[in-house]
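K.L.:
Below is the file protein_5.cif, which contains mmCIF, C-alpha atoms and all ligand atoms.
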```cif
data_entry
#
loop_
_atom_site.label_atom_id
_atom_site.label_comp_id
_atom_site.auth_asym_id
_atom_site.auth_seq_id
_atom_site.Cartn_x
_atom_site.Cartn_y
_atom_site.Cartn_z
CA MET A 1210 22.74 -7.88 7.49
CA SER A 1211 22.55 -9.45 10.91
CA SER A 1212 21.60 -12.92 12.00
CA LEU A 1213 18.76 -13.42 14.42
CA ALA A 1214 19.82 -15.60 17.31
CA ASN A 1215 17.82 -16.86 20.21
CA ASP A 1216 19.08 -14.15 22.55
CA ASN A 1217 18.18 -11.40 20.09
CA THR A 1218 15.82 -9.08 21.90
CA VAL A 1219 15.47 -6.03 19.71
CA LYS A 1220 13.02 -3.82 21.53
CA GLY A 1221 10.73 -1.30 19.95
CA VAL A 1222 7.29 -1.57 18.54
CA ASN A 1223 8.31 -1.14 14.90
CA ASP A 1224 5.29 1.03 14.19
CA ASP A 1225 5.26 2.30 10.62
CA GLN A 1226 8.31 0.26 9.77
CA ILE A 1227 9.12 -2.33 7.11
CA GLN A 1228 11.57 -5.08 8.01
CA PRO A 1229 13.12 -6.96 5.06
CA PHE A 1230 14.48 -10.46 5.72
CA GLN A 1231 15.85 -13.56 4.08
CA LEU A 1232 15.68 -17.18 5.14
CA ASN A 1233 19.11 -18.70 5.64
CA GLU A 1234 20.58 -20.93 2.94
CA THR A 1235 17.70 -20.17 0.58
CA ASP A 1236 16.73 -17.60 -2.00
CA PHE A 1237 13.51 -16.83 -0.12
CA ARG A 1238 13.24 -13.12 0.57
CA GLY A 1239 10.52 -11.45 2.57
CA ARG A 1240 9.26 -8.28 4.17
CA ILE A 1241 7.07 -7.59 7.15
CA VAL A 1242 5.35 -4.29 7.98
CA ARG A 1243 3.31 -2.74 10.75
CA LEU A 1244 1.26 0.39 9.99
CA ASN A 1245 -0.12 2.59 12.70
CA GLY A 1246 0.31 6.40 12.87
CA VAL A 1247 0.78 6.68 9.12
CA LEU A 1248 -2.39 4.71 8.47
CA ASN A 1249 -4.43 6.79 10.93
CA ASP A 1250 -3.08 9.99 9.37
CA ILE A 1251 -4.14 8.90 5.90
CA LEU A 1252 -7.56 7.54 6.87
CA GLY A 1253 -8.11 10.48 9.24
CA SER A 1254 -8.02 13.02 6.42
CA HIS A 1255 -11.06 11.34 4.84
CA ASP A 1256 -14.42 10.14 6.06
CA TYR A 1257 -14.63 6.81 4.29
CA PRO A 1258 -17.26 4.17 5.04
CA VAL A 1259 -15.64 1.36 7.05
CA PRO A 1260 -15.34 -1.16 4.16
CA VAL A 1261 -13.65 1.49 1.99
CA ALA A 1262 -11.22 2.45 4.76
CA GLN A 1263 -10.49 -1.22 5.30
CA LEU A 1264 -9.76 -1.78 1.61
CA LEU A 1265 -7.48 1.27 1.52
CA ALA A 1266 -5.65 0.08 4.65
CA GLU A 1267 -5.04 -3.27 2.98
CA GLY A 1268 -3.84 -1.49 -0.17
CA LEU A 1269 -1.42 0.66 1.83
CA ALA A 1270 0.03 -2.32 3.69
CA LEU A 1271 0.58 -4.23 0.42
CA THR A 1272 1.99 -1.13 -1.29
CA SER A 1273 4.57 -0.66 1.45
CA LEU A 1274 5.81 -4.23 1.04
CA LEU A 1275 6.02 -3.98 -2.75
CA ALA A 1276 7.55 -0.51 -2.79
CA ASN A 1277 10.28 -1.69 -0.44
CA MET A 1278 11.54 -3.74 -3.38
CA LEU A 1279 12.54 -0.56 -5.29
CA LYS A 1280 16.27 -0.65 -5.89
CA PHE A 1281 16.75 2.92 -7.07
CA GLU A 1282 15.19 6.28 -6.34
CA GLY A 1283 11.61 6.13 -7.57
CA ILE A 1284 7.91 5.65 -6.95
CA PHE A 1285 5.81 2.52 -6.75
CA THR A 1286 2.09 2.85 -7.45
CA LEU A 1287 -0.69 0.36 -6.84
CA GLN A 1288 -3.85 1.37 -8.62
CA ALA A 1289 -7.14 -0.52 -8.82
CA SER A 1290 -10.13 0.60 -10.82
CA GLY A 1291 -13.49 -1.09 -10.93
CA GLU A 1292 -17.13 -0.79 -11.88
CA GLY A 1293 -18.46 -1.52 -8.39
CA PRO A 1294 -19.27 0.95 -5.56
CA VAL A 1295 -15.55 1.64 -5.10
CA LYS A 1296 -14.36 3.15 -8.36
CA ALA A 1297 -10.68 3.61 -7.65
CA LEU A 1298 -8.03 2.81 -5.13
CA VAL A 1299 -4.64 4.47 -5.47
CA CYS A 1300 -1.64 4.02 -3.17
CA ASP A 1301 1.89 5.11 -3.88
CA MET A 1302 5.18 5.14 -2.06
CA THR A 1303 8.59 6.60 -2.84
CA SER A 1304 11.91 4.89 -2.24
CA GLU A 1305 12.24 7.32 0.70
CA GLY A 1306 9.29 5.66 2.44
CA GLU A 1307 6.81 8.47 1.74
CA ILE A 1308 3.44 6.81 1.41
CA ARG A 1309 -0.06 8.10 0.60
CA GLY A 1310 -3.33 6.74 -0.75
CA TYR A 1311 -7.00 7.40 -1.45
CA ALA A 1312 -10.14 5.66 -2.58
CA SER A 1313 -13.00 7.10 -4.58
CA TYR A 1314 -16.45 5.60 -4.33
CA ASP A 1315 -20.06 6.14 -5.25
CA GLU A 1316 -21.89 7.13 -2.06
CA GLU A 1317 -25.28 5.83 -3.10
CA ALA A 1318 -23.96 2.52 -4.36
CA MET A 1319 -21.91 2.16 -1.19
CA MET A 1320 -25.01 2.68 0.95
CA ARG A 1321 -26.76 -0.14 -0.87
CA VAL A 1322 -23.98 -2.56 0.03
CA ASP A 1323 -24.52 -4.58 3.16
CA HIS A 1324 -21.90 -3.17 5.55
CA ASN A 1325 -20.18 -5.92 7.37
CA ASP A 1326 -16.54 -6.78 7.85
CA SER A 1327 -16.26 -9.45 5.20
CA LEU A 1328 -17.05 -7.68 1.95
CA SER A 1329 -15.22 -9.25 -0.96
CA LEU A 1330 -13.18 -7.28 -3.42
CA GLU A 1331 -15.70 -8.33 -6.04
CA THR A 1332 -18.58 -6.75 -4.08
CA LEU A 1333 -16.63 -3.55 -3.49
CA MET A 1334 -14.99 -3.02 -6.86
CA GLY A 1335 -16.75 -5.35 -9.32
CA LYS A 1336 -15.06 -5.94 -12.64
CA GLY A 1337 -11.83 -4.09 -13.05
CA TYR A 1338 -8.08 -4.04 -13.11
CA LEU A 1339 -5.20 -3.79 -10.74
CA ALA A 1340 -2.06 -2.10 -12.02
CA PHE A 1341 1.44 -1.85 -10.55
CA THR A 1342 3.64 0.92 -11.83
CA VAL A 1343 7.31 1.37 -11.07
CA ASP A 1344 8.91 4.70 -11.94
CA GLN A 1345 12.59 4.55 -11.12
CA LYS A 1346 15.53 6.65 -12.15
CA MET A 1347 17.97 4.60 -14.25
CA VAL A 1348 15.26 2.05 -15.13
CA ASP A 1349 12.51 2.14 -17.75
CA ARG A 1350 9.00 2.70 -16.45
CA TYR A 1351 7.38 -0.62 -15.75
CA GLN A 1352 3.72 -1.49 -15.54
CA GLY A 1353 2.05 -4.79 -14.77
CA ILE A 1354 -1.70 -5.31 -14.96
CA VAL A 1355 -3.98 -8.04 -13.67
CA GLU A 1356 -7.75 -8.46 -13.78
CA LEU A 1357 -9.64 -8.02 -10.50
CA LYS A 1358 -11.38 -11.33 -10.04
CA ASP A 1359 -10.36 -12.46 -6.59
CA VAL A 1360 -12.11 -12.14 -3.28
CA SER A 1361 -9.39 -9.89 -1.89
CA LEU A 1362 -6.78 -7.39 -2.95
CA LEU A 1363 -4.16 -9.64 -1.37
CA GLN A 1364 -5.13 -12.55 -3.62
CA SER A 1365 -5.01 -10.35 -6.72
CA VAL A 1366 -1.50 -9.22 -5.86
CA GLN A 1367 -0.42 -12.79 -5.12
CA HIS A 1368 -1.88 -14.04 -8.41
CA TYR A 1369 -0.14 -11.28 -10.29
CA PHE A 1370 3.27 -12.43 -9.07
CA GLU A 1371 2.58 -16.12 -9.54
CA GLN A 1372 1.01 -15.86 -13.01
CA SER A 1373 2.51 -12.82 -14.68
CA GLU A 1374 5.93 -12.79 -13.05
CA GLN A 1375 6.33 -16.50 -12.31
CA ILE A 1376 7.57 -15.63 -8.84
CA LYS A 1377 6.33 -17.86 -6.07
CA THR A 1378 4.72 -15.51 -3.55
CA VAL A 1379 2.91 -15.91 -0.29
CA MET A 1380 1.43 -12.95 1.56
CA LYS A 1381 -0.67 -12.24 4.59
CA VAL A 1382 -2.38 -8.99 5.52
CA ALA A 1383 -4.51 -8.00 8.50
CA VAL A 1384 -6.45 -4.82 9.22
CA GLU A 1385 -8.15 -3.95 12.48
CA LYS A 1386 -10.35 -1.10 13.62
CA ASN A 1387 -10.65 -0.05 17.26
CA GLU A 1388 -13.55 2.12 18.22
CA LYS A 1389 -12.82 3.92 21.48
CA GLU A 1390 -15.61 5.74 23.21
CA GLY A 1391 -15.24 9.50 22.87
CA ALA A 1392 -12.12 9.10 20.75
CA SER A 1393 -11.58 8.78 17.04
CA THR A 1394 -11.39 5.38 15.39
CA GLU A 1395 -7.97 3.81 15.51
CA TRP A 1396 -6.76 1.62 12.66
CA LYS A 1397 -3.93 -0.90 12.58
CA ALA A 1398 -2.56 -2.90 9.70
CA GLY A 1399 0.13 -5.50 9.33
CA ALA A 1400 1.38 -7.54 6.42
CA VAL A 1401 4.08 -10.06 5.62
CA MET A 1402 5.26 -11.55 2.35
CA LEU A 1403 7.74 -14.17 1.23
CA GLN A 1404 8.99 -14.71 -2.32
CA LYS A 1405 11.17 -17.26 -3.99
CA LEU A 1406 13.60 -15.31 -6.13
CA PRO A 1407 14.00 -16.32 -9.79
CA GLU A 1408 16.22 -19.37 -10.11
CA GLU A 1409 19.20 -17.83 -11.87
CA THR A 1410 19.99 -15.50 -9.00
CA LYS A 1411 21.51 -18.12 -6.74
CA ILE A 1412 22.82 -21.63 -6.72
CA GLN A 1413 19.91 -23.84 -5.77
CA LEU A 1414 20.36 -25.05 -2.25
CA VAL A 1415 16.72 -25.78 -1.67
CA ASP A 1416 14.08 -28.05 -3.04
CA LYS A 1417 10.32 -27.76 -3.43
CA ASP A 1418 9.63 -28.97 0.09
CA ASP A 1419 11.57 -26.05 1.55
CA TRP A 1420 9.26 -23.58 -0.16
CA THR A 1421 6.17 -25.44 0.98
CA ARG A 1422 7.45 -25.54 4.56
CA SER A 1423 8.40 -21.84 4.59
CA ARG A 1424 5.02 -20.98 3.12
CA VAL A 1425 3.23 -22.89 5.87
CA LEU A 1426 5.38 -21.17 8.50
CA LEU A 1427 4.45 -17.73 7.11
CA GLU A 1428 0.80 -18.66 7.02
CA SER A 1429 0.98 -19.63 10.69
CA CYS A 1430 1.51 -15.95 11.55
CA THR A 1431 -1.64 -14.73 13.30
CA ASP A 1432 -3.32 -11.33 12.94
CA LYS A 1433 -2.67 -10.75 16.64
CA GLU A 1434 1.07 -11.25 16.13
CA LEU A 1435 1.09 -8.83 13.21
CA PHE A 1436 -0.58 -6.14 15.37
CA ASP A 1437 1.08 -6.84 18.71
CA ARG A 1438 2.89 -3.61 19.55
CA ASP A 1439 4.80 -5.32 22.32
CA LEU A 1440 6.22 -7.92 19.95
CA PRO A 1441 9.21 -6.59 17.96
CA LEU A 1442 9.09 -7.63 14.32
CA ASN A 1443 12.48 -9.31 14.65
CA ASP A 1444 11.17 -11.45 17.49
CA LEU A 1445 8.13 -12.32 15.41
CA LEU A 1446 10.34 -13.31 12.46
CA TYR A 1447 12.45 -15.46 14.75
CA ARG A 1448 9.30 -17.05 16.19
CA LEU A 1449 8.05 -17.89 12.70
CA PHE A 1450 11.25 -18.96 10.98
CA HIS A 1451 13.79 -19.97 13.64
CA GLU A 1452 13.97 -23.50 12.23
CA GLU A 1453 14.95 -22.15 8.81
CA GLY A 1454 17.25 -19.48 10.18
CA VAL A 1455 16.44 -15.88 9.33
CA VAL A 1456 18.61 -12.84 8.64
CA VAL A 1457 17.35 -9.27 8.58
CA PHE A 1458 18.34 -6.22 6.53
CA PRO A 1459 18.08 -2.57 7.62
CA PRO A 1460 14.44 -1.61 8.26
CA GLN A 1461 12.72 1.23 6.40
CA ASP A 1462 10.60 3.87 8.17
CA LEU A 1463 7.32 4.97 6.65
CA LYS A 1464 6.10 8.57 6.57
CA HIS A 1465 2.79 9.99 5.42
CA VAL A 1466 3.80 12.61 2.88
CA CYS A 1467 1.64 13.92 0.05
CA ARG A 1468 3.47 15.22 -3.00
CA CYS A 1469 0.69 17.59 -4.10
CA SER A 1470 1.61 21.25 -4.70
CA GLU A 1471 0.13 24.46 -6.12
CA GLU A 1472 2.07 23.84 -9.29
CA ARG A 1473 0.74 20.31 -9.79
CA VAL A 1474 -2.85 21.36 -9.10
CA LEU A 1475 -2.48 24.24 -11.52
CA ASN A 1476 -1.22 21.87 -14.18
CA VAL A 1477 -4.36 19.78 -13.70
CA ILE A 1478 -6.59 22.87 -13.92
CA LYS A 1479 -4.91 23.82 -17.19
CA THR A 1480 -6.04 20.54 -18.76
CA LEU A 1481 -9.73 21.17 -17.90
CA SER A 1482 -12.24 22.24 -20.54
CA ASP A 1483 -14.14 25.53 -20.13
CA GLU A 1484 -17.20 23.50 -19.25
CA ASP A 1485 -15.38 21.69 -16.46
CA LEU A 1486 -13.93 24.97 -15.26
CA ASP A 1487 -17.43 26.50 -15.14
CA TYR A 1488 -18.57 23.55 -13.08
CA SER A 1489 -15.70 23.98 -10.61
CA THR A 1490 -16.02 27.76 -10.27
CA THR A 1491 -17.77 29.10 -7.18
CA THR A 1492 -20.19 32.04 -7.29
CA SER A 1493 -17.38 34.26 -6.06
CA GLY A 1494 -15.29 33.34 -9.09
CA GLU A 1495 -12.89 30.96 -7.42
CA ILE A 1496 -11.82 27.53 -8.53
CA GLU A 1497 -11.50 24.99 -5.78
CA MET A 1498 -9.55 21.81 -6.17
CA LYS A 1499 -9.14 19.28 -3.41
CA CYS A 1500 -6.20 16.88 -3.42
CA GLU A 1501 -7.73 13.43 -3.47
CA PHE A 1502 -4.84 12.00 -1.48
CA CYS A 1503 -4.61 14.39 1.48
CA SER A 1504 -7.82 16.47 1.16
CA ARG A 1505 -5.84 19.73 1.05
CA LEU A 1506 -7.94 22.43 -0.61
CA TYR A 1507 -6.38 24.65 -3.27
CA VAL A 1508 -8.24 27.81 -4.30
CA PHE A 1509 -7.43 29.93 -7.36
CA LYS A 1510 -9.11 33.04 -8.78
CA ARG A 1511 -10.75 32.06 -12.07
CA ASP A 1512 -10.10 35.39 -13.78
CA GLU A 1513 -6.40 35.16 -13.04
CA LEU A 1514 -5.97 31.67 -14.42
CA ASN A 1515 -4.91 32.78 -17.85
CA GLN A 1516 -2.13 34.90 -16.47
CA ASP A 1517 1.24 33.29 -16.16
CA GLU A 1518 1.36 33.35 -12.38
CA PRO A 1519 -2.10 33.22 -10.83
CA ASP A 1520 -2.37 34.13 -7.17
CA LEU A 1521 -3.13 31.40 -4.75
CA ILE A 1522 -5.74 32.76 -2.36
CA HIS A 1523 -5.13 30.38 0.49
ZN ZN B 1601 -2.16 16.15 -1.32
#
```
Show the structure stored in the file as structure tokens.
P.N.:
Amino acid sequence: MSSLANDNTVKGVNDDQIQPFQLNETDFRGRIVRLNGVLNDILGSHDYPVPVAQLLAEGLALTSLLANMLKFEGIFTLQASGEGPVKALVCDMTSEGEIRGYASYDEEAMMRVDHNDSLSLETLMGKGYLAFTVDQKMVDRYQGIVELKDVSLLQSVQHYFEQSEQIKTVMKVAVEKNEKEGASTEWKAGAVMLQKLPEETKIQLVDKDDWTRSRVLLESCTDKELFDRDLPLNDLLYRLFHEEGVVVFPPQDLKHVCRCSEERVLNVIKTLSDEDLDYSTTTSGEIEMKCEFCSRLYVFKRDELNQDEPDLIH
């Protein structure tokens, strides 16, 4: 833990990095993240319509902040399912910083939606649920669920903490798309959150006004600041919270890693009915399964499936 002083000039763009922090003399803990290469890797392996990519980017940024709270080895999963054009959104991250995500949507329904940048969560996903799952060694599996009824994913997450967990939470997320001529689309995302830890964890040194003031300071963070690759996250934190005093903890690097494998895909195939298997079998007798997260294609020979060790063709 190191204190941020005025002369602190930590250089580096902090791309794909989460920086945890705490405000001095309070029990307010926060995290700030900037996603770049990892986000473009994930979105680049799919061809999502812009509003779907944008929703997934927001989901990944929020997931990284929440997963950074894991205290033991484990996996955090954010999963939303709805009845709207976007049927599912799944993001997960391990305690090692390995993050991945995908969205599944109905192409026709998506085409009927007016494509602009301000589609609400309600328009995209309709009625549905948002679930948080924590699988950690040494701790029982935990799942929290909240109804999707807000205009954004961010608001749903914030409401979950405030209502279900009684933890005061303020968050901000920003996603930006840059279209360069002749080059592929470049995405950026940034997010920051601040939480007031449950009361019993520390002697109360703060009153209600402190939370309100800190919340306003966090909300003053602009999208431009979250994206600015020339502005180190530590400098941004100092800019936002220097009056409160802010200390930082070791940052965590993010990596895009998919945990799919032949074995896992095979286990899924084994659960399919004959009818489903017929549907997935090509005319040349092969079963193709694509990983929804990373789009990697797995191909097995149908007639070898019942053997103990089927051959993977490629
Ligand atoms: Zn995969």
K.L.:
Residues of range 1374-1443 of chain A within 12 Å of range 1324-1344 of chain A: nearest atom pair and distance (Å, one decimal) for each, counting only C-alpha atoms, sorted by chain and number, as JSON lines?
P.N.:
```
{"residue": "A:Val1384", "atom": "CA", "partner": "A:Asp1326", "partner_atom": "CA", "distance": 10.4}
{"residue": "A:Glu1385", "atom": "CA", "partner": "A:Asp1326", "partner_atom": "CA", "distance": 10.0}
{"residue": "A:Lys1386", "atom": "CA", "partner": "A:Asp1326", "partner_atom": "CA", "distance": 10.2}
```
K.L.:
Could you take the residues named above and write them with C-alpha atoms, as a PDB file, in the coordinates of the input?
P.N.:
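Writing the result to again.pdb gives the following:
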```
ATOM      1  CA  VAL A1384      -6.450  -4.820   9.220  1.00  0.00           C
ATOM      2  CA  GLU A1385      -8.150  -3.950  12.480  1.00  0.00           C
ATOM      3  CA  LYS A1386     -10.350  -1.100  13.620  1.00  0.00           C
TER       4      LYS A1386
END
```
K.L.:
Given a cut-off of 7 Å, what residues near ligand ZN 1601 (chain B) show up using only C-alpha atoms and all ligand atoms, put as a PyMOL selection string?
P.N.:
chain A and resi 1467-1469+1500-1505
K.L.:
Measure the distance from CA of Gln1375 in chain A to CA of Gln1345 in chain A in Å and round it to one decimal.
P.N.:
22.0 Å
K.L.:
A:Glu1428, A:Met1498, A:Leu1244, A:Thr1303: which is nearest Val1477 in chain A, counting only C-alpha atoms?
P.N.:
A:Met1498
K.L.:
For Gly1283 in chain A, which residue out of A:Gln1364, A:Ser1304, A:Thr1378, A:Ser1482 is the nearest one, using all atoms listed in the file?
P.N.:
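Closest residue, counting all atoms listed in the file: A:Ser1304.
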K.L.:
Here is a test: counting only C-alpha atoms, which residue of A:Val1222, A:Leu1252, A:Leu1426, A:Ile1241 is nearest to Ser1393 in chain A?
P.N.:
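For Ser1393 in chain A, the nearest of the candidates is A:Leu1252.
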K.L.:
Rank nothing, just name the residue among A:Cys1430, A:Val1379, A:Leu1435, A:Leu1481 nearest to Leu1449 in chain A, using all atoms listed in the file.
P.N.:
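For Leu1449 in chain A, the nearest of the given residues is A:Cys1430.
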K.L.:
In Å, how far is it from CA of Leu1265 in chain A to CA of Asp1462 in chain A?
P.N.:
19.4 Å
K.L.:
Which residue, A:Gln1372, A:Ser1254, A:Gln1263, A:Ser1273, has the smallest gap to Asp1225 in chain A when you use only C-alpha atoms?
P.N.:
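Selected residue with least distance to Asp1225 in chain A: A:Ser1273.
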K.L.:
Let me make sure I understand: among A:Val1295, A:Met1302, A:Val1360, A:Leu1271, which one has the smallest atom-to-atom distance to Glu1316 in chain A if we use all atoms listed in the file?
P.N.:
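Distance minimum relative to Glu1316 in chain A lands on A:Val1295.
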K.L.:
I'd like the contact shell of Leu1274 in chain A - 7 Å cut-off, all atoms listed in the file, skipping same-chain residues fewer than 3 positions apart - returned as a PyMOL selection string.
P.N.:
chain A and resi 1240+1242+1270-1271+1277
K.L.:
What does the structure give for the distance between CA of Met1347 in chain A and CA of Thr1286 in chain A, in Å to one decimal?
P.N.:
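Between CA of Met1347 in chain A and CA of Thr1286 in chain A the gap is 17.4 Å.
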K.L.:
Please identify all polymer residues lying at most 12 Å from the point (6.1, -8.2, 18.3) (file coordinates), using only C-alpha atoms, and present the result as JSON, numbers by chain.
P.N.:
{"A": [1218, 1219, 1220, 1221, 1222, 1223, 1224, 1241, 1242, 1243, 1399, 1430, 1431, 1432, 1433, 1434, 1435, 1436, 1437, 1438, 1439, 1440, 1441, 1442, 1443, 1444, 1445, 1446, 1447, 1448, 1449]}
K.L.:
For the residues selected in the previous step, produce a file with C-alpha atoms as a CSV table (one decimal), keeping the file's coordinate frame.
P.N.:
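Output saved as out-v4.csv:
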```csv
chain,number,residue,atom,x,y,z
A,1218,THR,CA,15.8,-9.1,21.9
A,1219,VAL,CA,15.5,-6.0,19.7
A,1220,LYS,CA,13.0,-3.8,21.5
A,1221,GLY,CA,10.7,-1.3,20.0
A,1222,VAL,CA,7.3,-1.6,18.5
A,1223,ASN,CA,8.3,-1.1,14.9
A,1224,ASP,CA,5.3,1.0,14.2
A,1241,ILE,CA,7.1,-7.6,7.2
A,1242,VAL,CA,5.4,-4.3,8.0
A,1243,ARG,CA,3.3,-2.7,10.8
A,1399,GLY,CA,0.1,-5.5,9.3
A,1430,CYS,CA,1.5,-16.0,11.6
A,1431,THR,CA,-1.6,-14.7,13.3
A,1432,ASP,CA,-3.3,-11.3,12.9
A,1433,LYS,CA,-2.7,-10.8,16.6
A,1434,GLU,CA,1.1,-11.2,16.1
A,1435,LEU,CA,1.1,-8.8,13.2
A,1436,PHE,CA,-0.6,-6.1,15.4
A,1437,ASP,CA,1.1,-6.8,18.7
A,1438,ARG,CA,2.9,-3.6,19.6
A,1439,ASP,CA,4.8,-5.3,22.3
A,1440,LEU,CA,6.2,-7.9,20.0
A,1441,PRO,CA,9.2,-6.6,18.0
A,1442,LEU,CA,9.1,-7.6,14.3
A,1443,ASN,CA,12.5,-9.3,14.6
A,1444,ASP,CA,11.2,-11.4,17.5
A,1445,LEU,CA,8.1,-12.3,15.4
A,1446,LEU,CA,10.3,-13.3,12.5
A,1447,TYR,CA,12.4,-15.5,14.8
A,1448,ARG,CA,9.3,-17.0,16.2
A,1449,LEU,CA,8.0,-17.9,12.7
```
K.L.:
Enclose all atoms of range 1502-1508 of chain A listed in the file in an axis-aligned box, grow every side by 4 Å, and hand back centre and edge lengths in Å to one decimal, as JSON.
P.N.:
```
{"center_x": -6.4, "center_y": 19.9, "center_z": -1.4, "size_x": 11.6, "size_y": 23.8, "size_z": 13.8}
```
K.L.:
Just want the 9 Å neighbourhood of Ser1365 in chain A, counted on only C-alpha atoms, with same-chain residues fewer than 5 positions away dropped. Output as a list in words.
P.N.:
Leu1339, Val1355, Glu1356, Leu1357, Lys1358, Asp1359, Val1360 and Phe1370 of chain A
